[in-house]
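Reproduced below: target-v4.tsv, with TSV, C-alpha atoms and all ligand atoms.
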```
chain	number	residue	atom	x	y	z
A	30	MET	CA	-42.79	-61.26	266.75
A	31	LEU	CA	-44.27	-62.01	270.14
A	32	THR	CA	-43.21	-59.84	273.05
A	33	GLU	CA	-40.70	-61.40	275.38
A	34	ARG	CA	-40.84	-60.40	279.03
A	35	LEU	CA	-40.84	-61.90	282.50
A	36	GLU	CA	-44.48	-62.90	282.84
A	37	GLY	CA	-45.47	-64.44	286.17
A	38	LYS	CA	-47.16	-67.36	284.40
A	39	TRP	CA	-43.90	-68.19	282.61
A	40	ILE	CA	-41.96	-68.15	285.87
A	41	ASP	CA	-44.57	-70.62	287.15
A	42	ALA	CA	-44.08	-72.79	284.04
A	43	PHE	CA	-40.32	-72.91	284.58
A	44	VAL	CA	-40.82	-73.72	288.28
A	45	HIS	CA	-43.12	-76.60	287.28
A	46	ALA	CA	-40.62	-78.00	284.75
A	47	PHE	CA	-37.65	-77.69	287.11
A	48	ALA	CA	-39.57	-79.32	289.97
A	49	LEU	CA	-40.20	-82.31	287.67
A	50	CYS	CA	-36.42	-82.41	287.20
A	51	LYS	CA	-36.17	-82.79	291.00
A	52	ILE	CA	-34.50	-79.44	291.43
A	53	GLY	CA	-35.15	-78.11	294.90
A	54	ARG	CA	-33.62	-76.48	297.94
A	55	GLY	CA	-29.83	-76.35	297.65
A	56	THR	CA	-29.54	-78.02	294.21
A	57	THR	CA	-26.52	-76.53	292.45
A	58	VAL	CA	-27.50	-75.47	288.94
A	59	ALA	CA	-25.42	-74.00	286.12
A	60	ILE	CA	-27.44	-71.93	283.67
A	61	LEU	CA	-25.57	-72.31	280.39
A	62	SER	CA	-26.13	-69.62	277.78
A	63	GLU	CA	-24.37	-67.71	275.03
A	64	THR	CA	-24.49	-64.09	273.93
A	65	LEU	CA	-27.14	-64.82	271.27
A	66	SER	CA	-29.35	-66.89	273.59
A	67	ARG	CA	-33.01	-65.94	274.00
A	68	LEU	CA	-32.48	-63.76	277.06
A	69	VAL	CA	-36.00	-64.10	278.42
A	70	ASN	CA	-35.55	-67.86	278.89
A	71	VAL	CA	-32.21	-67.35	280.66
A	72	GLU	CA	-33.84	-64.91	283.06
A	73	LEU	CA	-36.94	-67.04	283.58
A	74	ALA	CA	-34.64	-69.96	284.44
A	75	GLU	CA	-32.73	-67.90	287.00
A	76	ILE	CA	-35.84	-66.60	288.74
A	77	ALA	CA	-37.57	-70.00	288.76
A	78	LEU	CA	-34.47	-71.61	290.28
A	79	GLN	CA	-34.45	-68.99	293.02
A	80	ARG	CA	-38.14	-69.65	293.69
A	81	LEU	CA	-37.18	-73.31	294.24
A	82	ASP	CA	-34.37	-72.27	296.64
A	83	ALA	CA	-31.83	-73.86	294.31
A	84	ARG	CA	-28.29	-72.43	293.99
A	85	PRO	CA	-28.04	-71.15	290.40
A	86	PHE	CA	-24.99	-69.66	288.70
A	87	HIS	CA	-24.41	-68.54	285.12
A	88	VAL	CA	-21.97	-69.85	282.54
A	89	ARG	CA	-22.28	-67.46	279.60
A	90	LEU	CA	-20.07	-67.66	276.54
A	91	PRO	CA	-19.71	-65.54	273.41
A	92	THR	CA	-21.52	-67.14	270.48
A	93	PRO	CA	-18.75	-68.50	268.25
A	94	ALA	CA	-18.05	-67.32	264.71
A	95	GLN	CA	-20.00	-68.87	261.82
A	96	GLU	CA	-17.99	-71.45	259.95
A	97	ALA	CA	-20.62	-73.25	257.89
A	98	PRO	CA	-21.29	-72.29	254.26
A	99	VAL	CA	-25.00	-71.76	255.02
A	100	ALA	CA	-27.12	-70.74	258.00
A	101	VAL	CA	-27.44	-73.59	260.51
A	102	ARG	CA	-30.74	-74.14	262.32
A	103	SER	CA	-31.97	-76.50	265.03
A	104	THR	CA	-29.31	-79.19	264.83
A	105	GLY	CA	-29.10	-79.75	268.59
A	106	SER	CA	-25.32	-79.51	268.38
A	107	SER	CA	-24.18	-76.33	270.05
A	108	PHE	CA	-20.62	-75.15	269.48
A	109	ALA	CA	-20.95	-72.52	272.23
A	110	VAL	CA	-18.72	-74.19	274.81
A	111	GLN	CA	-15.78	-74.63	272.39
A	112	ALA	CA	-14.22	-77.22	274.72
A	113	LEU	CA	-13.20	-74.31	276.99
A	114	GLU	CA	-11.82	-76.19	279.96
A	115	PRO	CA	-12.81	-73.80	282.80
A	116	ALA	CA	-16.36	-73.63	281.41
A	117	VAL	CA	-16.60	-77.41	281.09
A	118	ARG	CA	-15.32	-77.80	284.64
A	119	ALA	CA	-17.92	-75.36	285.94
A	120	LEU	CA	-20.69	-77.23	284.12
A	121	GLU	CA	-19.67	-80.70	285.22
A	122	SER	CA	-19.33	-79.51	288.84
A	123	ALA	CA	-23.04	-78.62	289.05
A	124	GLU	CA	-25.78	-81.13	289.87
A	125	VAL	CA	-27.84	-79.79	286.99
A	126	VAL	CA	-27.11	-77.80	283.84
A	127	ILE	CA	-29.99	-75.76	282.41
A	128	ASP	CA	-29.06	-75.47	278.75
A	129	CYS	CA	-30.18	-72.20	277.15
A	130	THR	CA	-27.71	-72.28	274.24
A	131	VAL	CA	-29.18	-71.38	270.86
A	132	GLU	CA	-28.74	-74.82	269.28
A	133	GLY	CA	-28.81	-76.90	272.44
A	134	MET	CA	-26.24	-79.35	273.82
A	135	LEU	CA	-28.08	-82.53	272.72
A	136	HIS	CA	-25.27	-83.56	270.36
A	137	ALA	CA	-22.52	-81.22	271.58
A	138	LYS	CA	-19.12	-82.80	271.81
A	139	GLU	CA	-18.69	-81.71	275.46
A	140	LEU	CA	-21.93	-83.45	276.53
A	141	PRO	CA	-20.53	-86.88	277.50
A	142	ARG	CA	-17.92	-85.24	279.72
A	143	ILE	CA	-20.53	-83.03	281.44
A	144	LEU	CA	-22.84	-85.99	282.15
A	145	LYS	CA	-20.12	-88.42	283.14
A	146	GLY	CA	-19.89	-87.43	286.80
A	147	GLY	CA	-23.65	-87.55	287.34
A	148	THR	CA	-24.63	-84.04	286.27
A	149	ARG	CA	-27.99	-84.01	284.50
A	150	LEU	CA	-28.60	-81.60	281.64
A	151	TYR	CA	-31.95	-80.06	280.81
A	152	MET	CA	-32.09	-78.38	277.45
A	153	ILE	CA	-34.66	-75.66	276.98
A	154	SER	CA	-35.40	-75.52	273.29
A	155	ASN	CA	-34.94	-72.03	271.86
A	156	GLU	CA	-38.66	-71.28	271.81
A	157	HIS	CA	-40.72	-68.29	272.83
A	158	PRO	CA	-41.98	-68.92	276.41
A	159	GLU	CA	-45.54	-69.14	275.12
A	160	VAL	CA	-44.59	-72.38	273.33
A	161	LEU	CA	-42.99	-73.75	276.49
A	162	GLU	CA	-46.05	-72.72	278.51
A	163	ARG	CA	-48.40	-74.63	276.18
A	164	LEU	CA	-46.18	-77.69	276.22
A	165	LEU	CA	-45.53	-77.96	279.94
A	166	PRO	CA	-43.91	-81.30	280.72
A	167	ASP	CA	-46.18	-83.88	282.31
A	168	ALA	CA	-44.93	-86.93	284.19
A	169	ALA	CA	-47.91	-88.92	282.87
A	170	ILE	CA	-46.19	-89.41	279.50
A	171	GLN	CA	-43.20	-91.23	280.97
A	172	PRO	CA	-44.58	-94.82	281.01
A	173	ARG	CA	-45.65	-94.53	277.37
A	174	ILE	CA	-42.24	-93.19	276.35
A	175	GLU	CA	-40.60	-96.09	278.22
A	176	LEU	CA	-42.86	-98.60	276.45
A	177	ALA	CA	-42.07	-97.11	273.05
A	178	LYS	CA	-38.34	-97.23	273.83
A	179	GLN	CA	-38.65	-100.90	274.82
A	180	TRP	CA	-40.46	-101.77	271.59
A	181	LEU	CA	-38.03	-99.87	269.41
A	182	GLY	CA	-35.04	-101.28	271.29
A	183	ALA	CA	-36.28	-104.85	270.82
A	184	ALA	CA	-37.20	-104.49	267.12
A	185	ARG	CA	-35.14	-105.73	264.17
A	186	GLU	CA	-36.93	-103.85	261.42
A	187	MET	CA	-38.91	-100.62	261.12
A	188	ARG	CA	-41.10	-100.36	258.02
A	189	VAL	CA	-42.67	-97.03	257.12
A	190	THR	CA	-45.38	-96.72	254.46
A	191	SER	CA	-47.90	-94.10	253.38
A	192	ALA	CA	-50.61	-93.55	250.79
A	193	ALA	CA	-48.42	-90.78	249.36
A	194	GLY	CA	-45.88	-93.42	248.34
A	195	THR	CA	-43.41	-93.74	251.22
A	196	ASP	CA	-41.98	-97.24	251.56
A	197	LEU	CA	-38.92	-97.34	253.77
A	198	THR	CA	-37.22	-100.28	255.42
A	199	ILE	CA	-34.87	-99.59	258.31
A	200	LYS	CA	-32.89	-102.33	260.02
A	201	VAL	CA	-32.99	-101.00	263.58
A	202	ALA	CA	-31.41	-103.95	265.43
A	203	GLY	CA	-28.72	-102.60	267.73
A	204	ALA	CA	-29.48	-98.96	266.91
A	205	PRO	CA	-29.18	-96.71	269.99
A	206	VAL	CA	-32.68	-95.66	271.15
A	207	ARG	CA	-33.56	-92.35	272.80
A	208	GLY	CA	-36.81	-91.20	274.37
A	209	ALA	CA	-37.74	-87.77	275.68
A	210	PRO	CA	-40.49	-87.40	278.28
A	211	GLY	CA	-39.82	-83.63	278.49
A	212	PHE	CA	-37.88	-83.54	281.76
A	213	VAL	CA	-34.89	-85.25	283.37
A	214	ASP	CA	-34.77	-86.50	286.95
A	215	GLU	CA	-31.90	-89.01	286.96
A	216	PRO	CA	-28.19	-88.31	287.45
A	217	GLY	CA	-26.05	-88.38	284.31
A	218	LYS	CA	-29.03	-88.12	281.93
A	219	LEU	CA	-30.28	-85.57	279.46
A	220	GLY	CA	-33.75	-84.18	278.93
A	221	TYR	CA	-35.37	-81.43	276.90
A	222	TRP	CA	-38.42	-79.20	276.89
A	223	PRO	CA	-40.66	-79.59	274.98
A	224	GLY	CA	-40.33	-83.37	274.76
A	225	GLY	CA	-42.47	-86.32	273.76
A	226	LEU	CA	-40.69	-88.28	271.07
A	227	VAL	CA	-38.90	-91.57	270.60
A	228	LEU	CA	-36.18	-92.23	268.05
A	229	CYS	CA	-33.11	-94.24	267.18
A	230	PHE	CA	-29.87	-93.63	265.33
A	231	PRO	CA	-29.68	-96.32	262.61
A	232	LYS	CA	-26.35	-98.05	262.12
A	233	ALA	CA	-24.51	-97.87	258.80
A	234	ASN	CA	-26.12	-99.44	255.70
A	235	THR	CA	-29.54	-100.05	257.25
A	236	VAL	CA	-31.94	-97.63	255.50
A	237	ASN	CA	-33.40	-98.18	252.02
A	238	GLY	CA	-36.49	-97.19	250.10
A	239	THR	CA	-38.57	-94.18	249.14
A	240	LEU	CA	-39.58	-91.30	251.36
A	241	VAL	CA	-42.33	-89.12	249.92
A	242	LEU	CA	-42.69	-85.77	251.61
A	243	ASP	CA	-46.25	-84.70	250.86
A	244	VAL	CA	-48.11	-81.41	251.04
A	245	GLY	CA	-48.30	-80.42	254.72
A	246	ASP	CA	-45.21	-82.32	255.79
A	247	VAL	CA	-42.57	-80.11	257.31
A	248	ASN	CA	-38.98	-79.13	256.68
A	249	LEU	CA	-37.90	-77.82	260.08
A	250	THR	CA	-34.57	-76.43	258.91
A	251	PHE	CA	-36.60	-74.04	256.78
A	252	LYS	CA	-39.53	-73.92	259.27
A	253	ARG	CA	-41.81	-74.42	256.30
A	254	TYR	CA	-44.75	-76.65	255.39
A	255	LEU	CA	-44.33	-78.33	252.04
A	256	GLU	CA	-46.73	-77.13	249.37
A	257	ALA	CA	-45.77	-79.77	246.80
A	258	PRO	CA	-44.54	-83.36	247.17
A	259	ILE	CA	-40.84	-84.31	247.09
A	260	HIS	CA	-39.79	-87.88	246.31
A	261	LEU	CA	-36.57	-88.91	248.04
A	262	THR	CA	-34.78	-92.09	247.06
A	263	ILE	CA	-32.72	-93.52	249.89
A	264	GLU	CA	-30.05	-96.12	249.19
A	265	ASN	CA	-27.90	-97.56	251.97
A	266	ASP	CA	-28.68	-94.56	254.25
A	267	TYR	CA	-28.06	-91.81	251.67
A	268	VAL	CA	-30.54	-89.65	249.80
A	269	THR	CA	-29.46	-90.39	246.23
A	270	ARG	CA	-32.30	-88.68	244.32
A	271	ILE	CA	-34.50	-85.69	245.06
A	272	ASP	CA	-37.34	-85.71	242.56
A	273	GLY	CA	-39.55	-82.66	242.19
A	274	THR	CA	-39.43	-79.27	240.48
A	275	SER	CA	-41.31	-77.27	243.11
A	276	LEU	CA	-39.78	-74.53	245.24
A	277	ASP	CA	-39.72	-76.99	248.16
A	278	ALA	CA	-37.65	-79.49	246.16
A	279	ARG	CA	-35.32	-76.77	244.87
A	280	LEU	CA	-34.73	-75.39	248.36
A	281	MET	CA	-33.96	-78.84	249.70
A	282	ARG	CA	-31.55	-79.64	246.86
A	283	SER	CA	-29.83	-76.29	247.26
A	284	TYR	CA	-29.28	-76.65	251.01
A	285	PHE	CA	-28.04	-80.22	250.66
A	286	GLU	CA	-25.61	-79.18	247.92
A	287	ALA	CA	-24.25	-76.25	249.94
A	288	TRP	CA	-22.59	-78.65	252.35
A	289	GLN	CA	-20.53	-80.38	249.69
A	290	GLU	CA	-20.35	-83.35	252.04
A	291	ARG	CA	-21.77	-86.77	251.31
A	292	ASP	CA	-22.57	-87.25	255.00
A	293	ALA	CA	-25.14	-84.45	254.85
A	294	TYR	CA	-27.30	-86.81	252.75
A	295	GLY	CA	-27.05	-89.70	255.24
A	296	VAL	CA	-29.72	-90.64	257.76
A	297	SER	CA	-29.33	-89.09	261.21
A	298	HIS	CA	-32.29	-90.37	263.23
A	299	VAL	CA	-35.73	-91.93	262.72
A	300	GLY	CA	-38.64	-92.11	265.14
A	301	TRP	CA	-42.09	-90.82	265.93
A	302	GLY	CA	-43.83	-88.14	268.01
A	303	MET	CA	-45.91	-88.89	271.10
A	304	ASN	CA	-46.80	-85.51	272.59
A	305	ALA	CA	-50.59	-85.10	272.47
A	306	ARG	CA	-50.36	-81.38	273.28
A	307	ALA	CA	-47.89	-80.62	270.50
A	308	ARG	CA	-49.60	-79.49	267.33
A	309	TRP	CA	-48.91	-80.04	263.66
A	310	ASP	CA	-50.38	-76.63	262.80
A	311	ALA	CA	-48.33	-74.68	265.35
A	312	LEU	CA	-45.75	-73.49	262.82
A	313	GLN	CA	-48.46	-71.40	261.19
A	314	MET	CA	-48.95	-69.41	264.38
A	315	TYR	CA	-45.46	-68.00	264.90
A	316	ASP	CA	-42.78	-65.96	263.22
A	317	LYS	CA	-39.67	-68.00	262.55
A	318	HIS	CA	-37.79	-66.05	265.22
A	319	ASP	CA	-40.26	-67.18	267.85
A	320	ILE	CA	-39.62	-70.91	267.56
A	321	ASN	CA	-37.08	-73.66	267.17
A	322	GLY	CA	-39.69	-76.15	265.97
A	323	THR	CA	-39.30	-78.83	268.62
A	324	GLU	CA	-43.10	-78.93	268.91
A	325	LEU	CA	-43.33	-80.14	265.30
A	326	ARG	CA	-40.82	-82.92	265.99
A	327	ALA	CA	-42.95	-84.17	268.85
A	328	PHE	CA	-46.58	-83.97	267.73
A	329	ALA	CA	-48.33	-87.29	268.22
A	330	GLY	CA	-48.20	-89.71	265.29
A	331	ASN	CA	-45.69	-87.95	263.05
A	332	PHE	CA	-42.90	-90.05	261.55
A	333	LEU	CA	-39.69	-88.08	262.02
A	334	TYR	CA	-36.99	-88.65	259.43
A	335	SER	CA	-33.73	-86.75	259.80
A	336	THR	CA	-30.62	-86.39	257.70
A	337	GLY	CA	-27.14	-85.41	258.84
A	338	ALA	CA	-24.76	-86.36	261.62
A	339	ASN	CA	-25.00	-89.86	263.05
A	340	GLU	CA	-21.99	-90.79	265.14
A	341	HIS	CA	-23.34	-94.35	265.43
A	342	ALA	CA	-22.90	-94.76	261.68
A	343	GLY	CA	-19.61	-92.82	261.58
A	344	ARG	CA	-21.04	-89.73	259.85
A	345	PHE	CA	-20.21	-86.17	260.89
A	346	THR	CA	-21.65	-83.01	259.36
A	347	ARG	CA	-23.52	-79.89	260.49
A	348	GLY	CA	-26.02	-80.23	257.65
A	349	HIS	CA	-29.27	-81.39	259.22
A	350	PHE	CA	-32.87	-81.74	258.15
A	351	ASP	CA	-35.61	-82.75	260.58
A	352	LEU	CA	-38.60	-83.82	258.52
A	353	PRO	CA	-41.85	-84.62	260.35
A	354	VAL	CA	-43.98	-86.67	257.96
A	355	CYS	CA	-47.76	-86.98	258.41
A	356	ASN	CA	-50.09	-89.90	257.68
A	357	CYS	CA	-47.46	-92.63	257.79
A	358	THR	CA	-47.84	-96.16	259.10
A	359	VAL	CA	-44.87	-97.29	261.17
A	360	ALA	CA	-44.49	-100.99	261.94
A	361	LEU	CA	-41.85	-102.68	264.12
A	362	ASP	CA	-41.32	-106.28	262.99
A	363	GLY	CA	-44.87	-106.15	261.61
A	364	LYS	CA	-46.43	-104.64	264.73
A	365	VAL	CA	-48.09	-101.31	263.89
A	366	VAL	CA	-47.14	-98.54	266.33
A	367	VAL	CA	-48.39	-95.64	264.22
A	368	SER	CA	-51.28	-96.19	261.81
A	369	GLU	CA	-51.79	-93.55	259.11
A	370	GLY	CA	-50.45	-90.87	261.43
A	371	ARG	CA	-52.18	-92.06	264.60
A	372	LEU	CA	-50.45	-93.63	267.57
A	373	CYS	CA	-51.56	-97.14	268.54
A	374	ALA	CA	-53.71	-97.30	271.67
A	375	ALA	CA	-50.93	-98.38	274.02
A	376	LEU	CA	-48.81	-95.35	273.14
A	377	ALA	CA	-51.59	-92.74	272.85
A	401	FE	FE	-32.68	-83.86	264.47
```
Write out the structure in this file as structure tokens.
Amino acid sequence: MLTERLEGKWIDAFVHAFALCKIGRGTTVAILSETLSRLVNVELAEIALQRLDARPFHVRLPTPAQEAPVAVRSTGSSFAVQALEPAVRALESAEVVIDCTVEGMLHAKELPRILKGGTRLYMISNEHPEVLERLLPDAAIQPRIELAKQWLGAAREMRVTSAAGTDLTIKVAGAPVRGAPGFVDEPGKLGYWPGGLVLCFPKANTVNGTLVLDVGDVNLTFKRYLEAPIHLTIENDYVTRIDGTSLDARLMRSYFEAWQERDAYGVSHVGWGMNARARWDALQMYDKHDINGTELRAFAGNFLYSTGANEHAGRFTRGHFDLPVCNCTVALDGKVVVSEGRLCAALA
């Protein structure tokens, strides 16, 4: 485990990120955390906000009891706030919320209410500060993220293929599109650090085909590189077959089954990574405690397939797999945006 302390360089990193979020003198900022938050990031946030002459205050809640049948990791849906009205009111009254909850407020049920009045929320992924330092947000990525969002938003069909055997067709027309440049500078919006990916939430009955997870692809719920291929059959959004006898396949089957919910097998989101600084091999460098794996979701050219909750298709579950897949070709209505794991020139 890497040591966690208040390094000057990490205070500088947080100042840089917050300045990109247009936090400055007098900005009112709620630092949202829970008792099991990574304390060093909470403290770095507080000190960096003071450096910027902002007006920070803390909203800190006890981490709620476990209710799921298995351990839950990196879903982006924090249950920390528990719809506690005074806490929600405090959060929505700030200009900015810095989100240091363990899971993050990305899909939390209180999020729409917090954003509604113009508060912006910046989620700091539960990573060791060294990861955040390496993946400092950079405004230069924003035009490319916007272009990717435009293309995905205008597309009718996403086709994903690979030499390993993936052949997926996703009808993306009308699917809500999200892009993450790694910071947030507009009222009522959400951003997260590290960022650099584009995705959409497919509507119901739009995803069919085969997804082959090959050696070196990643299961981020387990924070583990696959060492043997897994063949997933996907019919009308749901994983209906998991073929493979390896440990990777058995672990995946076991975690899916633990939920005893059909929705856990449904598609959550699909997209691709665009962060040139994020690295595929980063997982190898850290203990599991040190990271939340957002870097692996964002590395340039990965195809990100995720199972679990998708409110836009009417599916609700806490079972969630984020599966960055390497070496795929992603085409939107025939236009290749990722070719064998490499971003096309306009997005790179
Ligand atoms: Fe996800």
> Which chains and residue numbers are within 9 Å of ligand FE 401 (chain A), counting all atoms listed in the file, if I want them as a VMD selection string?
Replying inline: chain A and resid 103 to 105 297 to 299 326 333 to 338 349 to 352
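Residues of protein, DNA or RNA having at least one counted atom within 7 Å of (-44.5, -89.6, 272.2), given all atoms listed in the file, are Ile174, Gly225, Leu226, Val227, Trp301, Gly302, Met303, Asn304, Ala327 and Ala329 of chain A.
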>> Between atom CA of Met152 of chain A and atom CA of Leu249 of chain A, what distance in Å does the model show, to one decimal?
In response: 18.3 Å
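For the point (-43.2, -82.0, 247.9), the residues with an atom at a distance of at most 10 Å are Val241, Leu242, Asp243, Val244, Gly245, Asp246, Val247, Tyr254, Leu255, Glu256, Ala257, Pro258, Ile259, His260, Leu261, Ile271, Asp272, Gly273, Thr274, Ser275, Leu276, Asp277, Ala278, Arg279 and Met281 of chain A, counting all atoms listed in the file.
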Listing only residues of segment 30-74 of chain A within 10 Å of segment 200-216 of chain A, what is the closest atom pair and its distance in Å (to one decimal) for each, using only C-alpha atoms, sorted by chain and residue number ascending, as a tab-separated table?
```
residue	atom	partner	partner_atom	distance
A:Ala46	CA	A:Phe212	CA	6.9
A:Phe47	CA	A:Phe212	CA	7.9
A:Ala48	CA	A:Asp214	CA	9.1
A:Leu49	CA	A:Phe212	CA	6.5
A:Cys50	CA	A:Asp214	CA	4.4
A:Lys51	CA	A:Asp214	CA	5.7
A:Ile52	CA	A:Asp214	CA	8.4
```
Any chance you could export segment 150-158 of chain A with all heavy atoms, as a PDB file, in the first residue's frame?
```
ATOM      1  N   LEU A 150     -21.227  19.401  -9.419  1.00  0.00           N
ATOM      2  CA  LEU A 150     -20.649  18.368  -8.544  1.00  0.00           C
ATOM      3  C   LEU A 150     -19.417  17.777  -9.212  1.00  0.00           C
ATOM      4  O   LEU A 150     -19.465  17.380 -10.374  1.00  0.00           O
ATOM      5  CB  LEU A 150     -21.682  17.273  -8.240  1.00  0.00           C
ATOM      6  CG  LEU A 150     -21.203  16.189  -7.256  1.00  0.00           C
ATOM      7  CD1 LEU A 150     -22.325  15.811  -6.269  1.00  0.00           C
ATOM      8  CD2 LEU A 150     -20.712  14.937  -7.974  1.00  0.00           C
ATOM      9  N   TYR A 151     -18.335  17.758  -8.457  1.00  0.00           N
ATOM     10  CA  TYR A 151     -17.069  17.236  -8.962  1.00  0.00           C
ATOM     11  C   TYR A 151     -16.684  16.028  -8.116  1.00  0.00           C
ATOM     12  O   TYR A 151     -16.377  16.160  -6.935  1.00  0.00           O
ATOM     13  CB  TYR A 151     -16.005  18.321  -8.870  1.00  0.00           C
ATOM     14  CG  TYR A 151     -14.705  18.022  -9.583  1.00  0.00           C
ATOM     15  CD1 TYR A 151     -14.689  17.482 -10.857  1.00  0.00           C
ATOM     16  CD2 TYR A 151     -13.481  18.323  -8.981  1.00  0.00           C
ATOM     17  CE1 TYR A 151     -13.503  17.235 -11.511  1.00  0.00           C
ATOM     18  CE2 TYR A 151     -12.278  18.092  -9.631  1.00  0.00           C
ATOM     19  CZ  TYR A 151     -12.302  17.543 -10.896  1.00  0.00           C
ATOM     20  OH  TYR A 151     -11.116  17.305 -11.562  1.00  0.00           O
ATOM     21  N   MET A 152     -16.756  14.882  -8.759  1.00  0.00           N
ATOM     22  CA  MET A 152     -16.474  13.635  -8.047  1.00  0.00           C
ATOM     23  C   MET A 152     -14.984  13.310  -8.164  1.00  0.00           C
ATOM     24  O   MET A 152     -14.432  13.271  -9.255  1.00  0.00           O
ATOM     25  CB  MET A 152     -17.314  12.529  -8.696  1.00  0.00           C
ATOM     26  CG  MET A 152     -17.118  11.161  -8.144  1.00  0.00           C
ATOM     27  SD  MET A 152     -18.154   9.999  -9.091  1.00  0.00           S
ATOM     28  CE  MET A 152     -16.887   8.910  -9.701  1.00  0.00           C
ATOM     29  N   ILE A 153     -14.372  13.106  -7.017  1.00  0.00           N
ATOM     30  CA  ILE A 153     -12.977  12.666  -7.015  1.00  0.00           C
ATOM     31  C   ILE A 153     -12.996  11.163  -6.813  1.00  0.00           C
ATOM     32  O   ILE A 153     -13.402  10.671  -5.766  1.00  0.00           O
ATOM     33  CB  ILE A 153     -12.174  13.380  -5.911  1.00  0.00           C
ATOM     34  CG1 ILE A 153     -12.182  14.886  -6.201  1.00  0.00           C
ATOM     35  CG2 ILE A 153     -10.747  12.848  -5.852  1.00  0.00           C
ATOM     36  CD1 ILE A 153     -11.498  15.726  -5.168  1.00  0.00           C
ATOM     37  N   SER A 154     -12.610  10.454  -7.849  1.00  0.00           N
ATOM     38  CA  SER A 154     -12.622   8.998  -7.774  1.00  0.00           C
ATOM     39  C   SER A 154     -11.755   8.550  -6.606  1.00  0.00           C
ATOM     40  O   SER A 154     -10.742   9.178  -6.289  1.00  0.00           O
ATOM     41  CB  SER A 154     -12.109   8.418  -9.102  1.00  0.00           C
ATOM     42  OG  SER A 154     -12.162   7.015  -9.079  1.00  0.00           O
ATOM     43  N   ASN A 155     -12.163   7.468  -5.970  1.00  0.00           N
ATOM     44  CA  ASN A 155     -11.496   7.000  -4.748  1.00  0.00           C
ATOM     45  C   ASN A 155     -10.145   6.356  -5.072  1.00  0.00           C
ATOM     46  O   ASN A 155      -9.971   5.151  -4.969  1.00  0.00           O
ATOM     47  CB  ASN A 155     -12.424   6.026  -4.020  1.00  0.00           C
ATOM     48  CG  ASN A 155     -11.826   5.530  -2.720  1.00  0.00           C
ATOM     49  OD1 ASN A 155     -10.909   6.133  -2.169  1.00  0.00           O
ATOM     50  ND2 ASN A 155     -12.341   4.415  -2.234  1.00  0.00           N
ATOM     51  N   GLU A 156      -9.215   7.213  -5.497  1.00  0.00           N
ATOM     52  CA  GLU A 156      -7.889   6.757  -5.917  1.00  0.00           C
ATOM     53  C   GLU A 156      -6.842   7.329  -4.965  1.00  0.00           C
ATOM     54  O   GLU A 156      -7.032   8.402  -4.385  1.00  0.00           O
ATOM     55  CB  GLU A 156      -7.536   7.310  -7.324  1.00  0.00           C
ATOM     56  CG  GLU A 156      -8.646   7.278  -8.344  1.00  0.00           C
ATOM     57  CD  GLU A 156      -8.829   5.940  -9.028  1.00  0.00           C
ATOM     58  OE1 GLU A 156      -7.996   5.041  -8.811  1.00  0.00           O
ATOM     59  OE2 GLU A 156      -9.823   5.779  -9.745  1.00  0.00           O
ATOM     60  N   HIS A 157      -5.720   6.642  -4.873  1.00  0.00           N
ATOM     61  CA  HIS A 157      -4.572   7.223  -4.193  1.00  0.00           C
ATOM     62  C   HIS A 157      -4.186   8.517  -4.924  1.00  0.00           C
ATOM     63  O   HIS A 157      -4.268   8.583  -6.161  1.00  0.00           O
ATOM     64  CB  HIS A 157      -3.399   6.233  -4.238  1.00  0.00           C
ATOM     65  CG  HIS A 157      -2.246   6.669  -3.396  1.00  0.00           C
ATOM     66  ND1 HIS A 157      -1.346   7.620  -3.817  1.00  0.00           N
ATOM     67  CD2 HIS A 157      -1.877   6.322  -2.142  1.00  0.00           C
ATOM     68  CE1 HIS A 157      -0.459   7.823  -2.855  1.00  0.00           C
ATOM     69  NE2 HIS A 157      -0.764   7.048  -1.837  1.00  0.00           N
ATOM     70  N   PRO A 158      -3.752   9.565  -4.171  1.00  0.00           N
ATOM     71  CA  PRO A 158      -3.424  10.841  -4.838  1.00  0.00           C
ATOM     72  C   PRO A 158      -2.382  10.718  -5.944  1.00  0.00           C
ATOM     73  O   PRO A 158      -2.365  11.538  -6.874  1.00  0.00           O
ATOM     74  CB  PRO A 158      -2.908  11.725  -3.699  1.00  0.00           C
ATOM     75  CG  PRO A 158      -3.352  11.091  -2.443  1.00  0.00           C
ATOM     76  CD  PRO A 158      -3.653   9.655  -2.709  1.00  0.00           C
TER      77      PRO A 158
END
```
